[in-house]
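Student: One structure is given below, represented as structure tokens, and several questions about it will come after.
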Amino acid sequence: MTSAAQIYQISACNNPRVFTLSEAEELFPLMWKITEEAYRELEPVRRALEAMVPSNPQVRKVEKQYEAIVRRWMGKMERLGLVVKGLWLADFDTGDGYLCWKFPELRIGHYHSYHEGFGGRRPLQDIIEELDPDWAHL
């Protein structure tokens with residue numbers, strides 16, 4: 001059930017929740033929108049920072065802007081119950097591994113176990129077909 005009045009469970013930072021695939025997919029449009037907005041806000045700051053020479057007195061101010069935008073995004077993802085693994089990279093904990101997503105991917109399409117990282121992620125459909133996990137059906 002997705003609607004404009006949908007209420008999402010907000011949790012304390014650093015308190016990831018366990019998601020089923022359907023719960024993750026339901027939350028996905030909101031997390032994508034939050035991430036896209038943060039990405040668009042960060043891009044001009046990133047470009048400005050890249051163009052500055054290290055001795056520029058404005059560098060520290062721009063670095064602080066960059067950091068503030070990233071921290072805001074991370075805090076929002078964590079309050080939604082996600083595990084932030086890197087810039088624009090967030091995982092949904094399933095109880096036995098992670099549904100893995102990286103902006104600008106248009107859907108949750110990958111999975112990796114707890115001991116594997118981003119490099120070990122596999123197509124979600126392969127995992128569902130091979131392992132038939134409970135979280136994929138609840």
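Following the order of the structure tokens, first chain is A, next is B, and so on, with residues numbered from 1 inside each chain and ligands from 1 in the order they appear.
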If we count only C-alpha atoms and set the cut-off at 8 Å, which residues sit around segment 91-96 of chain A, ignoring sequence neighbours fewer than 6 positions away in its own chain? Please answer as a PyMOL selection string.

Tutor: chain A and resi 16-21+24+81-85+113-114+135

Student: Let's have the selection written as a compact mmCIF listing (two decimals), in the first residue's frame, with all heavy atoms.

Tutor:
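Heads up, here's the output in part-v3.txt:
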# COMPACT_ATOMS: atom_id res chain seq x y z
N PRO A 16 19.84 0.16 12.49
CA PRO A 16 19.23 -0.37 11.27
C PRO A 16 18.10 -1.34 11.59
O PRO A 16 18.14 -2.03 12.60
CB PRO A 16 20.37 -1.06 10.54
CG PRO A 16 21.43 -1.27 11.55
CD PRO A 16 21.22 -0.27 12.63
N ARG A 17 17.12 -1.34 10.74
CA ARG A 17 16.03 -2.29 10.91
C ARG A 17 16.19 -3.41 9.91
O ARG A 17 17.00 -3.32 8.99
CB ARG A 17 14.68 -1.59 10.79
CG ARG A 17 14.44 -0.87 9.49
CD ARG A 17 13.12 -0.13 9.49
NE ARG A 17 12.08 -0.96 8.95
CZ ARG A 17 11.13 -0.53 8.12
NH1 ARG A 17 11.07 0.73 7.78
NH2 ARG A 17 10.23 -1.35 7.66
N VAL A 18 15.43 -4.47 10.11
CA VAL A 18 15.46 -5.61 9.19
C VAL A 18 14.29 -5.45 8.24
O VAL A 18 13.15 -5.21 8.66
CB VAL A 18 15.40 -6.94 9.97
CG1 VAL A 18 15.28 -8.11 9.02
CG2 VAL A 18 16.64 -7.09 10.86
N PHE A 19 14.58 -5.56 6.94
CA PHE A 19 13.59 -5.34 5.89
C PHE A 19 13.27 -6.63 5.15
O PHE A 19 14.16 -7.45 4.92
CB PHE A 19 14.14 -4.36 4.84
CG PHE A 19 14.27 -2.95 5.29
CD1 PHE A 19 15.42 -2.51 5.92
CD2 PHE A 19 13.25 -2.04 5.07
CE1 PHE A 19 15.57 -1.19 6.33
CE2 PHE A 19 13.38 -0.72 5.47
CZ PHE A 19 14.54 -0.30 6.10
N THR A 20 12.03 -6.74 4.72
CA THR A 20 11.69 -7.72 3.69
C THR A 20 11.92 -7.01 2.35
O THR A 20 12.05 -5.77 2.31
CB THR A 20 10.22 -8.16 3.78
OG1 THR A 20 9.39 -7.02 3.54
CG2 THR A 20 9.91 -8.77 5.14
N LEU A 21 11.94 -7.75 1.28
CA LEU A 21 12.10 -7.14 -0.04
C LEU A 21 10.96 -6.17 -0.32
O LEU A 21 11.19 -5.06 -0.81
CB LEU A 21 12.17 -8.23 -1.12
CG LEU A 21 12.31 -7.73 -2.56
CD1 LEU A 21 13.53 -6.84 -2.73
CD2 LEU A 21 12.36 -8.93 -3.51
N ALA A 24 11.49 -2.93 1.57
CA ALA A 24 12.56 -2.15 0.95
C ALA A 24 12.06 -1.48 -0.33
O ALA A 24 12.33 -0.30 -0.57
CB ALA A 24 13.76 -3.04 0.66
N GLY A 81 16.40 3.60 8.65
CA GLY A 81 16.76 2.24 9.01
C GLY A 81 17.77 1.59 8.09
O GLY A 81 18.07 0.41 8.24
N LEU A 82 18.31 2.34 7.15
CA LEU A 82 19.29 1.79 6.21
C LEU A 82 20.69 1.82 6.79
O LEU A 82 20.97 2.57 7.72
CB LEU A 82 19.25 2.60 4.91
CG LEU A 82 17.94 2.38 4.16
CD1 LEU A 82 17.32 3.69 3.79
CD2 LEU A 82 18.17 1.55 2.96
N VAL A 83 21.57 1.03 6.20
CA VAL A 83 22.97 1.00 6.58
C VAL A 83 23.73 1.73 5.47
O VAL A 83 23.73 1.29 4.33
CB VAL A 83 23.48 -0.45 6.72
CG1 VAL A 83 24.96 -0.46 7.08
CG2 VAL A 83 22.66 -1.21 7.74
N VAL A 84 24.36 2.85 5.81
CA VAL A 84 25.12 3.62 4.83
C VAL A 84 26.51 3.02 4.73
O VAL A 84 27.21 2.87 5.72
CB VAL A 84 25.19 5.11 5.22
CG1 VAL A 84 26.08 5.88 4.27
CG2 VAL A 84 23.79 5.71 5.27
N LYS A 85 26.90 2.64 3.50
CA LYS A 85 28.18 2.00 3.28
C LYS A 85 29.18 2.90 2.55
O LYS A 85 30.34 2.57 2.44
CB LYS A 85 27.99 0.73 2.45
CG LYS A 85 27.16 -0.34 3.15
CD LYS A 85 27.94 -0.93 4.32
CE LYS A 85 27.25 -2.11 4.92
NZ LYS A 85 27.52 -3.37 4.31
N SER A 113 26.09 -10.82 1.11
CA SER A 113 26.04 -11.32 2.48
C SER A 113 26.74 -10.32 3.41
O SER A 113 27.37 -9.37 2.96
CB SER A 113 26.69 -12.69 2.57
OG SER A 113 28.07 -12.58 2.31
N TYR A 114 26.64 -10.55 4.70
CA TYR A 114 27.27 -9.66 5.68
C TYR A 114 28.78 -9.58 5.51
O TYR A 114 29.36 -8.52 5.70
CB TYR A 114 26.94 -10.11 7.11
CG TYR A 114 25.52 -9.87 7.52
CD1 TYR A 114 24.81 -10.85 8.19
CD2 TYR A 114 24.87 -8.67 7.27
CE1 TYR A 114 23.50 -10.65 8.60
CE2 TYR A 114 23.56 -8.45 7.67
CZ TYR A 114 22.88 -9.44 8.34
OH TYR A 114 21.59 -9.23 8.74
N TRP A 135 12.85 -13.42 3.31
CA TRP A 135 12.63 -11.98 3.17
C TRP A 135 12.13 -11.61 1.78
O TRP A 135 11.59 -10.52 1.59
CB TRP A 135 13.89 -11.17 3.52
CG TRP A 135 15.16 -11.63 2.88
CD1 TRP A 135 16.14 -12.39 3.46
CD2 TRP A 135 15.62 -11.39 1.54
NE1 TRP A 135 17.15 -12.63 2.58
CE2 TRP A 135 16.86 -12.01 1.38
CE3 TRP A 135 15.08 -10.70 0.46
CZ2 TRP A 135 17.58 -11.97 0.19
CZ3 TRP A 135 15.79 -10.66 -0.74
CH2 TRP A 135 17.03 -11.28 -0.86

Student: So which bits of segment 10-104 of chain A end up helix (DSSP H, G or I) when you DSSP the backbone, as a ChimeraX atom specification?

Tutor: /A:21-51,59-79

Student: For Ile69 of chain A, which residue out of A:Leu106, A:Leu30, A:Ala51, A:Val45 is the nearest one, using only C-alpha atoms?

Tutor: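 Checking each candidate against Ile69 of chain A, we get A:Val45 as the closest.
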
Student: Of the candidates A:Ala136, A:Leu27, A:Ala48, A:Leu99, which one gets nearest to Pro123 of chain A if we count only C-alpha atoms?

Tutor: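 Nearest candidate to Pro123 of chain A out of A:Ala136, A:Leu27, A:Ala48, A:Leu99: A:Leu99.
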
Student: One decimal, in Å: what's the spacing between atom CA of Trp32 of chain A and atom CA of Lys102 of chain A?

Tutor: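 Computed distance, atom CA of Trp32 of chain A to atom CA of Lys102 of chain A, equals 9.5 Å.
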
Student: To one decimal place, how far is atom CA of Gly109 of chain A from atom CA of Leu124 of chain A in Å?

Tutor: 5.1 Å

Student: Kindly indicate which residue among A:Arg46, A:Arg122, A:Arg107, A:Lys76 lies nearest to Glu63 of chain A, using only C-alpha atoms for the distances.

Tutor: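 Among A:Arg46, A:Arg122, A:Arg107, A:Lys76, it is A:Arg46 that comes nearest to Glu63 of chain A.
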
Student: Identify, on the basis of only C-alpha atoms, every residue whose closest approach to Cys100 of chain A does not exceed 8 Å; exclude the query and any residue fewer than 6 positions from it along the same chain; express the result as JSON, numbers by chain.

Tutor: {"A": [89, 90, 91, 92, 108, 109, 110, 111, 112, 118, 121]}

Student: For Glu23 of chain A, which residue out of A:Val53, A:Asp132, A:Leu138, A:Pro44 is the nearest one, using only C-alpha atoms?

Tutor: A:Leu138

Student: State, in Å with one decimal place, the distance from atom CA of Pro29 of chain A to atom CA of Lys64 of chain A.

Tutor: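 Straight-line distance from atom CA of Pro29 of chain A to atom CA of Lys64 of chain A works out to 28.4 Å.
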
Student: Which of segment 78-111 of chain A end up as strand (DSSP E) when DSSP is run on this backbone - answer as a list of chain:residue names?

Tutor: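 Restricting segment 78-111 of chain A to strand (DSSP E) produces A:Val83, A:Val84, A:Lys85, A:Gly86, A:Leu89, A:Ala90, A:Asp91, A:Phe92, A:Asp93, A:Gly97, A:Tyr98, A:Leu99, A:Cys100, A:Trp101, A:Lys102, A:His110, A:Tyr111.
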